Each structure stands twice: as structure tokens, then as C-alpha cells.
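Visitor: Structure file run-v5.tsv (TSV, C-alpha atoms) is given on the next line.
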chain	number	residue	atom	x	y	z
A	132	MET	CA	23.01	-41.39	41.74
A	133	ASN	CA	26.11	-41.30	39.63
A	134	TYR	CA	28.40	-41.49	42.67
A	135	LYS	CA	26.49	-44.45	44.08
A	136	GLN	CA	27.06	-46.40	40.90
A	137	LEU	CA	30.87	-46.19	41.12
A	138	ARG	CA	32.51	-49.59	40.98
A	139	ASP	CA	35.78	-50.67	42.51
A	140	VAL	CA	38.66	-49.33	40.52
A	141	GLU	CA	42.36	-50.01	40.32
A	142	GLU	CA	44.93	-47.92	42.14
A	143	ASP	CA	45.48	-45.87	39.00
A	144	GLY	CA	41.73	-45.06	38.82
A	145	THR	CA	40.92	-47.35	35.92
A	146	THR	CA	38.37	-50.15	35.83
A	147	GLY	CA	40.91	-52.70	34.78
A	148	HIS	CA	39.43	-52.89	31.29
A	149	GLU	CA	41.73	-52.22	28.38
A	150	TYR	CA	40.84	-51.92	24.70
A	151	ASP	CA	43.59	-51.68	22.12
A	152	GLY	CA	45.91	-50.25	24.72
A	153	ILE	CA	43.30	-47.76	25.96
A	154	ARG	CA	42.43	-48.08	29.65
A	155	GLU	CA	38.95	-47.15	30.86
A	156	TYR	CA	38.38	-44.74	33.72
A	157	ASP	CA	35.20	-44.71	35.82
A	158	LYS	CA	34.73	-41.18	37.19
A	159	ALA	CA	31.73	-39.10	38.21
A	160	LEU	CA	30.49	-36.43	35.76
A	161	PRO	CA	31.86	-32.94	36.48
A	162	LYS	CA	29.66	-30.89	38.77
A	163	TRP	CA	29.62	-27.96	36.32
A	164	TRP	CA	28.24	-30.27	33.66
A	165	LEU	CA	25.57	-31.63	35.99
A	166	VAL	CA	24.52	-28.09	36.97
A	167	ILE	CA	24.07	-27.15	33.32
A	168	PHE	CA	22.24	-30.39	32.55
A	169	PHE	CA	19.71	-30.12	35.35
A	170	GLY	CA	19.47	-26.35	34.86
A	171	SER	CA	18.44	-26.89	31.25
A	172	ILE	CA	15.67	-29.22	32.40
A	173	VAL	CA	14.37	-26.59	34.84
A	174	TRP	CA	14.62	-23.92	32.10
A	175	GLY	CA	12.67	-26.15	29.67
A	176	VAL	CA	9.85	-26.68	32.17
A	177	ALA	CA	9.70	-22.95	32.93
A	178	TYR	CA	9.56	-22.20	29.19
A	179	TRP	CA	6.54	-24.50	28.82
A	180	VAL	CA	4.83	-22.59	31.63
A	181	PHE	CA	5.57	-19.08	30.36
A	182	PHE	CA	5.09	-19.62	26.63
A	183	PRO	CA	2.66	-21.66	24.48
A	184	ALA	CA	5.23	-24.40	23.82
A	185	MET	CA	3.09	-27.31	24.97
A	186	PHE	CA	-0.37	-27.76	23.41
A	187	PRO	CA	-0.46	-24.14	22.15
A	188	ALA	CA	-4.08	-24.50	21.09
A	189	HIS	CA	-5.03	-25.00	24.75
A	190	TRP	CA	-2.25	-23.28	26.68
A	191	GLU	CA	-1.30	-19.66	25.90
A	192	GLY	CA	1.33	-19.41	28.60
A	193	ILE	CA	1.50	-16.81	31.35
A	194	ALA	CA	3.79	-14.39	29.52
A	195	THR	CA	2.10	-11.26	28.13
A	196	VAL	CA	2.95	-8.20	26.07
A	197	GLU	CA	1.33	-4.81	25.51
A	198	VAL	CA	-0.24	-4.29	22.08
A	199	ASP	CA	-2.36	-1.27	21.18
A	200	GLY	CA	-2.86	-0.45	24.85
A	201	GLU	CA	-4.07	-3.94	25.75
A	202	THR	CA	-2.35	-6.81	27.59
A	203	VAL	CA	-2.37	-9.85	25.32
A	204	PRO	CA	-0.78	-13.35	25.53
A	205	TRP	CA	2.73	-13.65	24.18
A	206	THR	CA	3.13	-14.80	20.58
A	207	SER	CA	5.93	-13.98	18.17
A	208	LYS	CA	3.43	-11.82	16.25
A	209	ASN	CA	2.31	-9.93	19.35
A	210	GLU	CA	5.92	-9.46	20.42
A	211	LEU	CA	6.73	-7.94	17.01
A	212	PHE	CA	3.78	-5.54	17.24
A	213	SER	CA	4.74	-4.60	20.79
A	214	GLU	CA	8.31	-3.80	19.76
A	215	LEU	CA	7.12	-1.82	16.75
A	216	GLU	CA	4.84	0.22	19.01
A	217	SER	CA	7.69	0.83	21.44
A	218	ASN	CA	10.01	2.00	18.66
A	219	ASN	CA	7.25	4.07	17.13
A	220	LYS	CA	6.65	5.83	20.45
A	221	ILE	CA	10.28	6.92	20.51
A	222	PHE	CA	9.82	8.33	17.00
A	223	THR	CA	6.53	10.09	17.73
A	224	ASP	CA	7.82	11.59	20.97
A	225	ASN	CA	10.80	13.03	19.12
A	226	PHE	CA	8.51	14.24	16.33
A	227	GLU	CA	6.16	16.04	18.71
A	228	GLN	CA	8.75	17.41	21.13
A	229	SER	CA	11.44	18.36	18.63
A	230	ILE	CA	10.32	18.67	15.02
A	231	LEU	CA	6.83	20.12	15.60
A	232	VAL	CA	8.04	22.55	18.25
A	233	LYS	CA	10.93	23.84	16.14
A	234	ALA	CA	8.63	24.22	13.13
A	235	ASP	CA	6.13	26.23	15.22
A	236	ALA	CA	3.57	23.49	14.59
A	237	ALA	CA	3.08	22.18	18.12
A	238	GLY	CA	-0.64	22.77	17.75
A	239	ALA	CA	-0.81	19.63	15.63
A	240	THR	CA	-0.17	17.43	18.68
A	241	ALA	CA	-3.74	17.60	20.00
A	242	THR	CA	-5.19	16.91	16.55
A	243	LEU	CA	-2.85	13.94	16.09
A	244	GLY	CA	-3.92	12.51	19.44
A	245	THR	CA	-7.61	12.71	18.52
A	246	LEU	CA	-6.93	11.32	15.04
A	247	ASN	CA	-5.06	8.33	16.48
A	248	GLU	CA	-7.94	7.58	18.84
A	249	LEU	CA	-10.52	7.77	16.03
A	250	GLN	CA	-8.45	5.48	13.83
A	251	ALA	CA	-8.00	3.00	16.68
A	252	THR	CA	-11.78	2.94	17.13
A	253	MET	CA	-12.21	2.32	13.40
A	254	ARG	CA	-9.79	-0.62	13.49
A	255	ARG	CA	-11.39	-2.27	16.51
A	256	SER	CA	-15.03	-1.81	15.57
A	257	GLU	CA	-16.74	-4.33	13.32
A	258	THR	CA	-19.55	-1.84	12.71
A	259	PRO	CA	-18.07	1.65	13.17
A	260	PRO	CA	-20.39	4.65	13.52
A	261	ALA	CA	-21.58	6.04	10.20
A	262	ASP	CA	-19.90	9.40	10.76
A	263	LEU	CA	-16.57	8.03	12.04
A	264	GLN	CA	-14.80	8.24	8.69
A	265	THR	CA	-16.10	11.80	8.27
A	266	GLN	CA	-14.58	12.69	11.65
A	267	ILE	CA	-11.27	11.13	10.63
A	268	ASP	CA	-11.25	13.06	7.35
A	269	GLY	CA	-12.00	16.24	9.26
A	270	LYS	CA	-9.02	15.74	11.57
A	271	ILE	CA	-6.76	15.03	8.59
A	272	ALA	CA	-7.90	18.31	7.06
A	273	GLU	CA	-7.04	20.13	10.31
A	274	LEU	CA	-3.40	19.04	9.89
A	275	ALA	CA	-3.04	20.81	6.53
A	276	PRO	CA	-1.82	24.20	7.87
A	277	TYR	CA	0.93	22.43	9.82
A	278	ILE	CA	2.15	20.72	6.64
A	279	GLU	CA	3.01	24.12	5.19
A	280	LYS	CA	5.02	24.97	8.29
A	281	LEU	CA	6.84	21.64	8.25
A	282	SER	CA	7.68	22.15	4.58
A	283	GLU	CA	9.86	25.08	5.64
A	284	ASN	CA	11.67	23.19	8.40
A	285	PRO	CA	15.03	21.58	7.42
A	286	ASN	CA	14.81	18.77	9.99
A	287	ALA	CA	11.30	17.83	8.89
A	288	LEU	CA	12.35	17.83	5.23
A	289	LYS	CA	15.38	15.68	6.00
A	290	VAL	CA	13.23	12.97	7.59
A	291	GLY	CA	10.57	13.37	4.89
A	292	SER	CA	13.13	12.86	2.14
A	293	ARG	CA	14.25	9.59	3.75
A	294	LEU	CA	10.66	8.41	3.97
A	295	PHE	CA	10.16	9.30	0.31
A	296	LEU	CA	13.24	7.37	-0.79
A	297	GLN	CA	12.21	4.33	1.22
A	298	ASN	CA	8.57	4.20	0.18
A	299	CYS	CA	7.81	6.34	-2.88
A	300	SER	CA	10.89	6.46	-5.07
A	301	VAL	CA	10.25	3.04	-6.60
A	302	CYS	CA	7.35	4.59	-8.56
A	303	HIS	CA	8.03	8.32	-8.60
A	304	GLY	CA	11.83	8.11	-8.88
A	305	SER	CA	14.44	9.22	-6.39
A	306	ASN	CA	14.18	12.76	-7.79
A	307	ALA	CA	10.34	12.62	-7.66
A	308	LYS	CA	10.12	13.45	-11.37
A	309	GLY	CA	8.08	10.33	-12.05
A	310	ALA	CA	8.08	8.11	-15.14
A	311	THR	CA	5.60	6.93	-17.73
A	312	GLY	CA	2.39	6.30	-15.81
A	313	TYR	CA	3.83	7.75	-12.58
A	314	PRO	CA	3.29	11.47	-12.02
A	315	ASN	CA	6.00	14.06	-11.67
A	316	LEU	CA	5.68	15.54	-8.18
A	317	THR	CA	7.98	18.51	-8.80
A	318	ASP	CA	5.78	20.52	-11.19
A	319	ASN	CA	2.49	22.26	-10.46
A	320	ASP	CA	0.25	19.86	-12.37
A	321	TRP	CA	-1.79	17.73	-9.95
A	322	LEU	CA	-4.57	15.27	-10.73
A	323	TYR	CA	-6.16	15.63	-7.29
A	324	GLY	CA	-4.83	19.04	-6.30
A	325	GLY	CA	-1.48	20.06	-4.87
A	326	GLU	CA	-2.60	21.77	-1.68
A	327	ALA	CA	-1.41	20.34	1.64
A	328	GLN	CA	-4.82	18.91	2.46
A	329	ASN	CA	-5.01	17.22	-0.94
A	330	ILE	CA	-1.62	15.57	-0.49
A	331	LEU	CA	-2.49	14.39	3.01
A	332	THR	CA	-5.72	12.77	1.87
A	333	THR	CA	-4.06	10.88	-0.96
A	334	LEU	CA	-1.30	9.59	1.30
A	335	HIS	CA	-3.79	8.53	3.96
A	336	ASN	CA	-6.42	6.93	1.74
A	337	GLY	CA	-4.67	6.22	-1.57
A	338	ARG	CA	-6.27	6.56	-4.99
A	339	VAL	CA	-7.72	4.05	-7.42
A	340	GLY	CA	-8.10	5.43	-10.92
A	341	GLY	CA	-9.08	4.17	-14.29
A	342	MET	CA	-9.49	5.52	-17.78
A	343	PRO	CA	-12.13	3.31	-19.45
A	344	ALA	CA	-11.56	1.72	-22.85
A	345	TRP	CA	-13.59	3.49	-25.55
A	346	ARG	CA	-12.99	1.39	-28.66
A	347	ASP	CA	-16.16	-0.69	-28.26
A	348	GLN	CA	-18.30	2.40	-27.66
A	349	ILE	CA	-17.01	4.78	-30.32
A	350	GLY	CA	-15.23	2.39	-32.70
A	351	GLU	CA	-11.77	2.69	-34.24
A	352	ASP	CA	-12.76	5.71	-36.33
A	353	GLY	CA	-14.07	7.41	-33.21
A	354	VAL	CA	-10.84	6.63	-31.36
A	355	ARG	CA	-8.79	8.26	-34.10
A	356	ALA	CA	-11.05	11.31	-34.28
A	357	ALA	CA	-11.22	11.79	-30.50
A	358	SER	CA	-7.44	11.37	-30.21
A	359	GLU	CA	-6.87	14.01	-32.86
A	360	TYR	CA	-9.14	16.42	-31.01
A	361	VAL	CA	-7.38	15.72	-27.70
A	362	LEU	CA	-4.04	16.45	-29.39
A	363	SER	CA	-5.45	19.72	-30.74
A	364	LEU	CA	-6.22	20.81	-27.17
A	365	SER	CA	-2.60	20.48	-26.06
A	366	SER	CA	-0.49	23.60	-26.38
A	367	ASN	CA	2.14	21.61	-28.29
A	368	ASN	CA	-0.21	19.17	-30.03
A	369	GLY	CA	0.81	16.51	-27.55
A	370	SER	CA	4.29	16.09	-28.99
A	371	LYS	CA	6.41	17.74	-31.65
A	372	SER	CA	6.66	14.38	-33.39
A	373	ASN	CA	2.93	14.36	-34.12
A	374	GLY	CA	3.30	16.79	-37.00
A	375	LYS	CA	0.32	18.52	-38.58
A	376	LEU	CA	-3.12	17.63	-37.24
A	377	ASP	CA	-5.94	16.35	-39.44
A	378	GLN	CA	-8.53	19.08	-39.08
A	379	THR	CA	-11.32	16.88	-40.39
A	380	LEU	CA	-10.68	14.39	-37.60
A	381	VAL	CA	-10.38	17.26	-35.12
A	382	ALA	CA	-13.86	18.47	-36.04
A	383	GLN	CA	-15.30	14.96	-35.76
A	384	GLY	CA	-13.50	14.34	-32.50
A	385	SER	CA	-14.86	17.51	-30.92
A	386	ALA	CA	-18.40	16.15	-30.95
A	387	ILE	CA	-17.24	12.77	-29.60
A	388	PHE	CA	-15.30	14.49	-26.81
A	389	GLN	CA	-18.21	16.66	-25.71
A	390	GLN	CA	-20.52	13.65	-25.65
A	391	ASN	CA	-18.24	11.16	-23.89
A	392	CYS	CA	-15.23	12.84	-22.28
A	393	ALA	CA	-16.39	16.24	-21.06
A	394	LEU	CA	-18.06	14.69	-18.01
A	395	CYS	CA	-14.64	14.09	-16.46
A	396	HIS	CA	-12.28	16.35	-18.38
A	397	ASP	CA	-14.75	19.28	-18.58
A	398	LYS	CA	-15.99	20.70	-21.85
A	399	ASP	CA	-12.84	22.78	-22.39
A	400	GLY	CA	-10.53	19.84	-21.58
A	401	LYS	CA	-8.95	21.51	-18.55
A	402	GLY	CA	-9.75	18.56	-16.33
A	403	MET	CA	-11.50	18.28	-12.98
A	404	ILE	CA	-9.62	17.91	-9.72
A	405	SER	CA	-12.69	16.50	-8.00
A	406	ALA	CA	-12.62	13.57	-10.46
A	407	GLY	CA	-8.85	13.33	-10.74
A	408	ALA	CA	-9.17	13.96	-14.47
A	409	PRO	CA	-6.06	15.60	-15.97
A	410	ASN	CA	-5.83	18.87	-17.85
A	411	LEU	CA	-5.55	18.03	-21.57
A	412	THR	CA	-4.65	21.54	-22.67
A	413	ASP	CA	-1.12	21.76	-21.28
A	414	THR	CA	2.07	19.95	-22.31
A	415	ILE	CA	2.14	17.43	-19.45
A	416	TRP	CA	1.23	13.85	-20.29
A	417	LEU	CA	1.15	10.98	-17.82
A	418	TYR	CA	1.51	8.25	-20.42
A	419	GLY	CA	2.97	10.30	-23.26
A	420	GLY	CA	1.54	12.71	-25.84
A	421	GLU	CA	2.48	10.86	-29.03
A	422	ARG	CA	-0.45	10.26	-31.35
A	423	GLU	CA	-0.36	6.45	-31.11
A	424	THR	CA	0.02	6.58	-27.32
A	425	VAL	CA	-3.08	8.74	-27.00
A	426	ARG	CA	-4.96	6.41	-29.33
A	427	ASN	CA	-3.96	3.40	-27.25
A	428	THR	CA	-5.20	5.12	-24.12
A	429	LEU	CA	-8.57	5.67	-25.73
A	430	ARG	CA	-8.66	2.19	-27.23
A	431	TYR	CA	-7.69	0.14	-24.19
A	432	GLY	CA	-7.99	2.51	-21.25
A	433	ARG	CA	-5.58	2.91	-18.35
A	434	ALA	CA	-5.61	1.72	-14.76
A	435	GLY	CA	-3.49	2.76	-11.83
A	436	VAL	CA	-3.36	2.56	-8.06
A	437	MET	CA	-1.83	4.87	-5.50
A	438	PRO	CA	-1.65	2.76	-2.28
A	439	GLN	CA	-2.82	4.08	1.05
A	440	TRP	CA	-0.01	4.65	3.56
A	441	GLU	CA	-1.99	5.25	6.74
A	442	THR	CA	-1.65	1.74	8.16
A	443	LYS	CA	2.01	1.37	7.16
A	444	LEU	CA	3.50	4.75	8.06
A	445	GLY	CA	1.15	6.27	10.61
A	446	ASN	CA	-0.01	9.86	10.92
A	447	GLU	CA	3.27	11.43	12.03
A	448	ARG	CA	5.34	9.98	9.19
A	449	ILE	CA	2.64	10.87	6.68
A	450	MET	CA	2.84	14.48	7.86
A	451	LEU	CA	6.59	14.52	7.25
A	452	LEU	CA	6.21	12.83	3.87
A	453	ALA	CA	3.43	15.22	2.85
A	454	ALA	CA	5.56	18.20	3.88
A	455	TYR	CA	8.46	16.95	1.76
A	456	ILE	CA	6.23	16.39	-1.30
A	457	TYR	CA	4.61	19.78	-0.79
A	458	SER	CA	8.05	21.39	-0.72
A	459	LEU	CA	8.97	19.77	-4.05
A	460	SER	CA	6.05	21.16	-6.01
A	461	ASP	CA	6.57	24.19	-8.22
A	462	LYS	CA	3.67	25.97	-6.62
A	463	PRO	CA	2.11	28.88	-8.53
A	464	ALA	CA	0.99	32.06	-6.81
A	465	LYS	CA	-1.72	31.32	-4.29
A	466	VAL	CA	-5.29	31.83	-5.38
A	467	THR	CA	-7.98	33.12	-3.09
A	468	GLN	CA	-10.54	30.46	-3.93
A	469	ALA	CA	-10.03	27.27	-1.97
A	470	LEU	CA	-10.02	23.95	-3.74
A	471	PRO	CA	-12.91	21.55	-3.10
A	472	VAL	CA	-12.49	19.36	-0.05
A	473	THR	CA	-12.87	16.24	-2.20
A	474	ALA	CA	-9.96	17.24	-4.43
A	475	THR	CA	-6.97	15.78	-2.76
A	476	ALA	CA	-3.35	14.82	-2.97
A	477	PRO	CA	-0.58	14.23	-5.36
A	478	LYS	CA	-1.17	12.82	-8.77
A	479	ALA	CA	-1.19	9.12	-8.33
A	480	ALA	CA	-3.37	6.98	-10.53
A	481	ALA	CA	-5.97	8.83	-12.55
A	482	PRO	CA	-9.60	7.76	-12.27
A	483	ALA	CA	-12.21	7.39	-14.96
A	484	ALA	CA	-11.15	8.99	-18.22
A	485	ALA	CA	-8.29	10.64	-16.42
A	486	THR	CA	-5.13	9.00	-17.65
A	487	VAL	CA	-4.94	10.33	-21.18
A	488	ASN	CA	-2.83	13.21	-19.96
Please render this file's structure as C-alpha cells.

Guide:
Amino acid sequence: MNYKQLRDVEEDGTTGHEYDGIREYDKALPKWWLVIFFGSIVWGVAYWVFFPAMFPAHWEGIATVEVDGETVPWTSKNELFSELESNNKIFTDNFEQSILVKADAAGATATLGTLNELQATMRRSETPPADLQTQIDGKIAELAPYIEKLSENPNALKVGSRLFLQNCSVCHGSNAKGATGYPNLTDNDWLYGGEAQNILTTLHNGRVGGMPAWRDQIGEDGVRAASEYVLSLSSNNGSKSNGKLDQTLVAQGSAIFQQNCALCHDKDGKGMISAGAPNLTDTIWLYGGERETVRNTLRYGRAGVMPQWETKLGNERIMLLAAYIYSLSDKPAKVTQALPVTATAPKAAAPAAATVN
């Protein structure tokens, strides 16, 4: 059409028009430009067909991606999930074929496969079977022996340390020694138990803990008496700065403790792993062992949350992270009696009446 519109031109190729000394040519557009122009039109039409660019509420396009084993229409969200799954498969394949094999923990592969299937069923089902969560917890428990093996493998610990720095160090510190309100993961004092199964369960499911406020129930005098008794239980009276204890308050606080606190912390104050209640008789304090700090805990309570990492990290990364944390702990000599199944994972946030220590 452009060529047909050409007008008669002068011998020099101009139209004869001149503006301020500038002569006007009348030439056809370059073929390369026309190819690009019409090609872009064809590309635009094809894009509308393949992707939901035109009336997206009614047209999903014909492009698809694979997400969670299913073919779904293309969206930027689905594409992201598909790429994440692809990258994760590379990681899991390397984990199973390299790290697990070298750590003599290849037996975990079958358990991981079953666990992934159960979790996928849980995510997809609006009304999952009543025993599905119990099955998932059982498979998590089966992975515990392999955590101990991974904790002795340098490659597993190297990856686990990177996962810790990326996800856990903001609360527990890069050296895992914790801070006020965030537990030290390098000692042998654990709110929920420091065995491999305990650590796995906490990382998978998280913890939500709270120490209730007692001022309204026992009054200010009761707070002072109970705090004094709690300090008397500690092997260093909570802190060297506390000085001499008031024995009258200690005696009064003993009765208050047995009536209100022993349910979680046990009658001797040694805590209960099943409740996540800390041991009050040692020298380790989550929020500090100074007299006024302990009083404030009793007055106002404490609240803390350890997030669940199952949906963010996945089972394989949690295994590596659990192995790294397990390797950090100053584990005492093994005891023959197993810890309760419900007592699990690293000290995160302490539940009811559990954050005094």
C-alpha cells in the first residue's frame, strides 16, 4: 500500500517541497522496519491467544504450567510456583542422592516420599481424614534417627548452617546463643526437649506459648512472694545481683507456687517438657533472672511464638536444619528412658506459665 501511494518526484528524489532549505523526500518505508512492524502485530495477537491478556476473567489462554503435579492455566503466580517446584526438585534430588547416601541415611527417602504425599493430601482436602495429622506426625517421628546421622555429616551441616543463618538467626542469633526471650540452642536446656524428634516437631509445627499474668489473681504481694520463692529455687538465686533472699516471702511464695504454678512447672520447679514449662532450678533464664524481671513476668505474663517452617522450607530442608541444631546442643549423656512423644523441639516460645525461666 505504501508503494502504491508514491507520488511523482523530482529527478533528485524529492517531492519538490522545501521548508527552510530542507527538501522533502518521498520514499517507501524500509522492508526491515515493515517486517518488525507487522511481526509485532502477529506477536501481539498470538500473546492474546496464549495468555489471559484480553478479558482475563473470561479467557485464561491456552498456555499451561505444571503445579503440584497438575496442569493449570498460566498466571504469573502459577509460573512462580512451577519454577519453585522445578528448583526444589533439583535440591531434593541432590539431597536424596548425595547427602542422604553419604550420611548412611538413604532409608529416609521412602519416609519422605510418604510424608510429602500425606501433606499434599492435607493441603488439598477441605475436610481431611481425622487421623491424617496423626499419620503425618508419625512419619515425622520416623525421620528422627536419620537426623542423628545427618548431624555427623559435614555436607549436611554445611547446608543446615546456611539455612539457619537465612531463617533462624534473626531471633536466635548467628551463633545460635539466643537473646532475651529467644532461647540459646547451644546448651542442653530445652523447653520442649532436645531430642531429634522434638526438634523436628517444633520446626514442622511451630510453638505458641504464653505465661499468664498473675497479678490480678494473686495480687502484688503474691507476685513478690512467688517471685522470691522462684528465685530461691534457682541454684544461683536467679542472679548474683539479687542479693540475700527474704525468707519470709520465700515461705509465703512456696504455698502460692504449689497452688498456682506447680501444674506446669511441677511441684519441685524442674519444669515439664510436655507443657514446655522451663526448669526453674537451674541458672538458665529466658527473660533474665533479676528479681524485678521475674516479678514482671509474674505480673504481666509473657507471650512468644515459634513459627512453623513446614510450608516455607519443606521436609528435606527441615531435616538439614534440625540436624544442624541438634549438632549445636551440648547434649548430656544419653538416658535410657525415652522422652514423651508430645515433648518436642527446640526451645522456642514457652507456653502457659513457662516463660519465667

Visitor: Compile a residue-level contact table for stretch 412-451 of chain A against stretch 396-406 of chain A at a cut-off of 12 Å, reporting for every qualifying residue the shortest atom pair and its distance in Å to one decimal, with all atoms listed in the file counted, rows ordered by chain and ascending number, as a Markdown table.

Guide:
| residue | atom | partner | partner_atom | distance |
| --- | --- | --- | --- | --- |
| A:Thr412 | CA | A:Lys401 | CA | 6.0 |
| A:Asp413 | CA | A:Lys401 | CA | 8.3 |
| A:Thr414 | CA | A:Lys401 | CA | 11.7 |
| A:Ile415 | CA | A:Lys401 | CA | 11.9 |

Visitor: Please, what distance in Å, to one decimal, runs between atom CA of A:Ala236 and atom CA of A:Ile330?

Guide: 17.8 Å

Visitor: Select, from A:Met253, A:Met437, A:Ile230, A:Cys392, the residue with the minimum atom-to-atom distance to A:Val290, counting all atoms listed in the file.

Guide: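 Checking each candidate against A:Val290, we get A:Ile230 as the closest.
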
Visitor: Determine, counting only C-alpha atoms, which protein, DNA and RNA residues have an atom within 12 Å of an atom of A:Ala382; residues of the same chain fewer than 5 positions away are not included. Present the result as a count of residues only.

Guide: 15

Visitor: With a distance cut-off of 7 Å and only C-alpha atoms, select the neighbouring residues of A:Ala434, excluding the residue or stretch itself and same-chain residues fewer than 2 positions from it, and output the selection as a VMD selection string.

Guide: chain A and resid 340 to 342 432

Visitor: For a test of reading the model, state the distance in Å between atom CA of A:Ile349 and atom CA of A:Ser385, rounded to one decimal.

Guide: 12.9 Å
